[in-house]
Amino acid sequence: MDEHFTKIHKWLYPVSWLYGAVVRIRNKFFDWGVLQSKSFDAPIICIGNLAIGGTGKTPHTEYLIKLLHKKYRVAVLSRGYKRKSKGYVKATAESTAYTIGDEPYQMYVKYPSIVMAVDENRCHGIEKLLALKDPTVDVVLLDDAFQHRYVKPGLNILLTDYNRLFCDDALLPAGRLREPVDGKNRAQIVIVTKCPENIKPIDYNIITKRIGLYPYQQLYFSSFRYGDLKPAFSSGAQDTHRGSETIPLSALTNMEVVLVTGIASPADIKEKLKEHTATIEMISFDDHHQFTHRDLQFIRNRFEKLNSKERLIITTEKDISRLIANQALDEALKPFIYILPIEVEILQNQQNKFNQHIINYVRENSRNRNLSERKDAYLS
């Protein structure tokens, strides 16, 4: 486990106590009604966490999109972190990672049938989405909005990383928590993410007791599953890799790899690739890193130093959204750049239960339940 990831800076506890006092007062103001939370006459699902950094919000949001988008008109609203635009922006075919942010762009490219929008003001963004016609929006997914309490979602899904549960963490700046642990009480569903494939039954029991949820809350465990490598740029990929459009991870045995990431927690990906190849050159940037000309030159130099003719550059779905939009990316590198897809799997044979919970919430809170029921009957 990454020591930096687990480390708590105890000497910063006094600052954390002051920070925690401010956050607690803010939360109490919302609880008492001094600050107002707005409810909406539509299903609003929030996917968030208590900590900064990567707990898997985007893959879990994509899981919900995949679950719902064939039956319902799904809208996703994000802040659009590090985008170059301001205010409410609805994604179009001309959108890039620069105009709407890398994670919203990633989701929109994978699921072009959804409505994707970004807005710093979540209430304003939801109002804009629910005002859309032909067709109207059936459900809104809020990406990373657990602390945005001006919105009162109908369903809060809280994520916590198996490698650093919120009960093992501390408030900023000593730790990585944005708010005190009792903020978990606002969630109806808690998911322990990034669980290892060999997690034991006793681990489920220990974590369940340590997290300490109330009877009204449901706890799930999830893991990442990695798919076949996909070419980031179609042109040239077939000639380079024996006519194959995708490459199974098992085919990496004799290949040398440069792994390029700009995400919060790349260690899991590196460990997965190490199961299939012994030669991995790791180039890790900060989360949401905007690649510069110098960065791209550095990547090229590291790639060209690889000795094998069988070599690849592997990156994430999130990172490729920023690489594609970068005009400085060398054309000669494009045939060698592959994407490692990530999907979420709900563990303990609880997937059907989880799915039904989500579907029931959306159906029961639809703006037009009769229309929703007719749609379900038609599609069933």
# chains A, B, ... in the order shown; residues from 1 in each chain; ligands from 1
>>> closest_atom_pairs(of="stretch 119-191 of chain A", to="stretch 69-92 of chain A", cutoff="9 Å", atoms="only C-alpha atoms", output="CSV")
residue,atom,partner,partner_atom,distance
A:Asp119,CA,A:Tyr88,CA,4.4
A:Glu120,CA,A:Arg79,CA,4.9
A:Asn121,CA,A:Gly87,CA,7.5
A:Arg122,CA,A:Leu77,CA,7.5
A:His124,CA,A:Tyr88,CA,7.9
A:Gly125,CA,A:Tyr88,CA,6.2
A:Ile126,CA,A:Leu77,CA,7.4
A:Lys128,CA,A:Tyr88,CA,8.3
A:Leu129,CA,A:Ala75,CA,7.3
A:Pro135,CA,A:Arg73,CA,7.6
A:Thr136,CA,A:Arg73,CA,7.1
A:Val137,CA,A:Arg73,CA,5.1
A:Asp138,CA,A:Arg73,CA,5.0
A:Val139,CA,A:Val74,CA,5.2
A:Val140,CA,A:Ala75,CA,4.8
A:Leu141,CA,A:Val76,CA,4.7
A:Leu142,CA,A:Leu77,CA,5.1
A:Asp143,CA,A:Ser78,CA,5.1
A:Asp144,CA,A:Ser78,CA,7.1
A:Ala145,CA,A:Ser78,CA,8.0
>>> write_last_selection(atoms="all heavy atoms", output="compact mmCIF listing (two decimals), in the first residue's frame")
# COMPACT_ATOMS: atom_id res chain seq x y z
N ASP A 119 -21.88 22.70 -14.26
CA ASP A 119 -22.27 23.98 -13.66
C ASP A 119 -21.73 24.01 -12.24
O ASP A 119 -21.90 23.04 -11.48
CB ASP A 119 -23.79 24.14 -13.65
CG ASP A 119 -24.23 25.59 -13.45
OD1 ASP A 119 -23.42 26.39 -12.93
OD2 ASP A 119 -25.37 25.92 -13.81
N GLU A 120 -21.06 25.11 -11.86
CA GLU A 120 -20.59 25.24 -10.49
C GLU A 120 -21.76 25.34 -9.52
O GLU A 120 -21.68 24.88 -8.39
CB GLU A 120 -19.71 26.48 -10.33
CG GLU A 120 -18.49 26.51 -11.23
CD GLU A 120 -18.77 27.19 -12.57
OE1 GLU A 120 -19.96 27.31 -12.94
OE2 GLU A 120 -17.80 27.60 -13.24
N ASN A 121 -22.85 25.95 -9.97
CA ASN A 121 -24.07 26.10 -9.17
C ASN A 121 -24.98 24.92 -9.48
O ASN A 121 -25.68 24.90 -10.49
CB ASN A 121 -24.75 27.43 -9.51
CG ASN A 121 -25.95 27.71 -8.63
OD1 ASN A 121 -26.64 26.79 -8.17
ND2 ASN A 121 -26.23 28.98 -8.40
N ARG A 122 -24.97 23.91 -8.60
CA ARG A 122 -25.71 22.67 -8.90
C ARG A 122 -27.21 22.91 -8.97
O ARG A 122 -27.90 22.29 -9.79
CB ARG A 122 -25.39 21.61 -7.85
CG ARG A 122 -23.90 21.31 -7.65
CD ARG A 122 -23.23 20.81 -8.91
NE ARG A 122 -21.80 20.68 -8.74
CZ ARG A 122 -21.18 19.58 -8.33
NH1 ARG A 122 -21.86 18.51 -8.06
NH2 ARG A 122 -19.86 19.55 -8.21
N HIS A 124 -28.79 25.60 -9.99
CA HIS A 124 -29.04 26.21 -11.30
C HIS A 124 -28.93 25.17 -12.40
O HIS A 124 -29.74 25.11 -13.33
CB HIS A 124 -28.06 27.36 -11.53
CG HIS A 124 -28.19 28.00 -12.87
ND1 HIS A 124 -27.35 27.69 -13.93
CD2 HIS A 124 -29.08 28.91 -13.35
CE1 HIS A 124 -27.69 28.40 -14.99
NE2 HIS A 124 -28.74 29.15 -14.67
N GLY A 125 -27.91 24.32 -12.32
CA GLY A 125 -27.73 23.29 -13.33
C GLY A 125 -28.88 22.31 -13.39
O GLY A 125 -29.34 21.93 -14.48
N ILE A 126 -29.37 21.89 -12.21
CA ILE A 126 -30.51 20.97 -12.18
C ILE A 126 -31.75 21.63 -12.77
O ILE A 126 -32.50 21.02 -13.55
CB ILE A 126 -30.79 20.50 -10.74
CG1 ILE A 126 -29.62 19.65 -10.23
CG2 ILE A 126 -32.09 19.70 -10.67
CD1 ILE A 126 -29.71 19.29 -8.76
N LYS A 128 -31.91 23.92 -15.05
CA LYS A 128 -31.74 23.96 -16.50
C LYS A 128 -32.02 22.59 -17.12
O LYS A 128 -32.67 22.49 -18.18
CB LYS A 128 -30.34 24.42 -16.87
CG LYS A 128 -30.00 25.84 -16.44
CD LYS A 128 -30.57 26.88 -17.38
CE LYS A 128 -29.82 26.93 -18.68
NZ LYS A 128 -30.29 28.02 -19.57
N LEU A 129 -31.54 21.54 -16.49
CA LEU A 129 -31.73 20.19 -17.03
C LEU A 129 -33.20 19.77 -16.98
O LEU A 129 -33.73 19.18 -17.93
CB LEU A 129 -30.88 19.19 -16.24
CG LEU A 129 -29.37 19.28 -16.47
CD1 LEU A 129 -28.63 18.39 -15.48
CD2 LEU A 129 -29.01 18.89 -17.89
N PRO A 135 -36.59 15.16 -25.60
CA PRO A 135 -37.42 14.68 -24.48
C PRO A 135 -37.03 15.34 -23.17
O PRO A 135 -35.99 15.97 -23.07
CB PRO A 135 -37.11 13.19 -24.46
CG PRO A 135 -35.68 13.13 -24.88
CD PRO A 135 -35.48 14.23 -25.88
N THR A 136 -37.87 15.14 -22.17
CA THR A 136 -37.57 15.65 -20.84
C THR A 136 -36.60 14.71 -20.14
O THR A 136 -36.48 13.54 -20.49
CB THR A 136 -38.85 15.76 -20.00
OG1 THR A 136 -39.46 14.48 -19.91
CG2 THR A 136 -39.82 16.76 -20.61
N VAL A 137 -35.91 15.23 -19.13
CA VAL A 137 -34.97 14.44 -18.34
C VAL A 137 -35.73 13.67 -17.27
O VAL A 137 -36.58 14.23 -16.56
CB VAL A 137 -33.91 15.36 -17.69
CG1 VAL A 137 -33.12 14.63 -16.62
CG2 VAL A 137 -32.97 15.90 -18.76
N ASP A 138 -35.45 12.37 -17.15
CA ASP A 138 -36.13 11.52 -16.17
C ASP A 138 -35.39 11.45 -14.84
O ASP A 138 -36.01 11.34 -13.79
CB ASP A 138 -36.27 10.09 -16.71
CG ASP A 138 -37.17 10.01 -17.92
OD1 ASP A 138 -38.22 10.68 -17.93
OD2 ASP A 138 -36.83 9.27 -18.87
N VAL A 139 -34.05 11.47 -14.88
CA VAL A 139 -33.27 11.33 -13.65
C VAL A 139 -31.96 12.10 -13.82
O VAL A 139 -31.37 12.11 -14.90
CB VAL A 139 -32.99 9.84 -13.33
CG1 VAL A 139 -32.36 9.12 -14.51
CG2 VAL A 139 -32.12 9.68 -12.09
N VAL A 140 -31.52 12.75 -12.74
CA VAL A 140 -30.27 13.52 -12.75
C VAL A 140 -29.28 12.85 -11.80
O VAL A 140 -29.59 12.60 -10.63
CB VAL A 140 -30.49 14.98 -12.32
CG1 VAL A 140 -29.16 15.73 -12.28
CG2 VAL A 140 -31.47 15.68 -13.24
N LEU A 141 -28.08 12.56 -12.31
CA LEU A 141 -26.98 12.04 -11.51
C LEU A 141 -26.03 13.18 -11.19
O LEU A 141 -25.54 13.85 -12.11
CB LEU A 141 -26.24 10.93 -12.25
CG LEU A 141 -27.08 9.77 -12.79
CD1 LEU A 141 -26.17 8.74 -13.49
CD2 LEU A 141 -27.88 9.10 -11.68
N LEU A 142 -25.77 13.41 -9.93
CA LEU A 142 -24.85 14.46 -9.50
C LEU A 142 -23.49 13.84 -9.20
O LEU A 142 -23.36 13.02 -8.28
CB LEU A 142 -25.36 15.17 -8.25
CG LEU A 142 -26.67 15.96 -8.37
CD1 LEU A 142 -27.02 16.59 -7.03
CD2 LEU A 142 -26.55 17.03 -9.44
N ASP A 143 -22.49 14.20 -9.98
CA ASP A 143 -21.15 13.67 -9.81
C ASP A 143 -20.38 14.52 -8.82
O ASP A 143 -20.15 15.70 -9.05
CB ASP A 143 -20.45 13.64 -11.18
CG ASP A 143 -19.02 13.13 -11.09
OD1 ASP A 143 -18.76 12.27 -10.22
OD2 ASP A 143 -18.17 13.59 -11.87
N ASP A 144 -19.98 13.91 -7.69
CA ASP A 144 -19.16 14.56 -6.67
C ASP A 144 -19.85 15.80 -6.10
O ASP A 144 -19.33 16.91 -6.18
CB ASP A 144 -17.79 14.94 -7.25
CG ASP A 144 -16.79 15.30 -6.16
OD1 ASP A 144 -17.06 14.99 -4.97
OD2 ASP A 144 -15.75 15.89 -6.47
N ALA A 145 -21.02 15.58 -5.50
CA ALA A 145 -21.76 16.71 -4.93
C ALA A 145 -22.24 16.43 -3.50
O ALA A 145 -23.19 17.06 -3.04
CB ALA A 145 -22.97 17.03 -5.83
>>> residues_around(residues="A:Leu213", least_positions_apart="6", cutoff="9 Å", atoms="only C-alpha atoms", output="PyMOL selection string")
chain A and resi 184-185+190+219
>>> select_by_dssp(residues="stretch 29-263 of chain A", states="alpha helix (DSSP H)", output="PyMOL selection string")
chain A and resi 29-32+57-68+97-100+102-110+122-130+201-211+237-240
>>> atom_distance(atom1="atom CA of A:Thr279", atom2="atom CA of A:Met255")
7.4 Å
>>> residues_around(residues="A:Glu179", least_positions_apart="2", cutoff="8 Å", atoms="only C-alpha atoms", output="CSV table (one decimal) with N, CA and C atoms, in the first residue's frame")
chain,number,residue,atom,x,y,z
A,20,GLY,N,-12.6,21.4,11.0
A,20,GLY,CA,-13.8,20.6,11.4
A,20,GLY,C,-14.8,21.4,12.0
A,23,VAL,N,-16.7,23.3,9.4
A,23,VAL,CA,-17.6,22.4,8.6
A,23,VAL,C,-18.8,21.9,9.4
A,24,ARG,N,-18.6,21.6,10.7
A,24,ARG,CA,-19.7,21.2,11.5
A,24,ARG,C,-20.8,22.3,11.6
A,50,LEU,N,-16.5,11.4,1.3
A,50,LEU,CA,-16.1,12.3,2.3
A,50,LEU,C,-14.7,12.8,2.1
A,51,ALA,N,-13.9,12.1,1.4
A,51,ALA,CA,-12.5,12.4,1.2
A,51,ALA,C,-12.1,13.0,-0.1
A,171,LEU,N,-9.5,14.7,9.2
A,171,LEU,CA,-9.9,15.9,8.5
A,171,LEU,C,-8.7,16.6,7.9
A,177,LEU,N,-10.1,14.0,4.7
A,177,LEU,CA,-11.5,14.1,4.8
A,177,LEU,C,-12.0,15.5,4.6
A,181,VAL,N,-16.6,12.4,9.9
A,181,VAL,CA,-17.1,11.1,9.6
A,181,VAL,C,-18.6,11.0,9.7
A,183,GLY,N,-20.8,12.8,8.7
A,183,GLY,CA,-21.4,13.2,7.5
A,183,GLY,C,-22.0,12.0,6.7
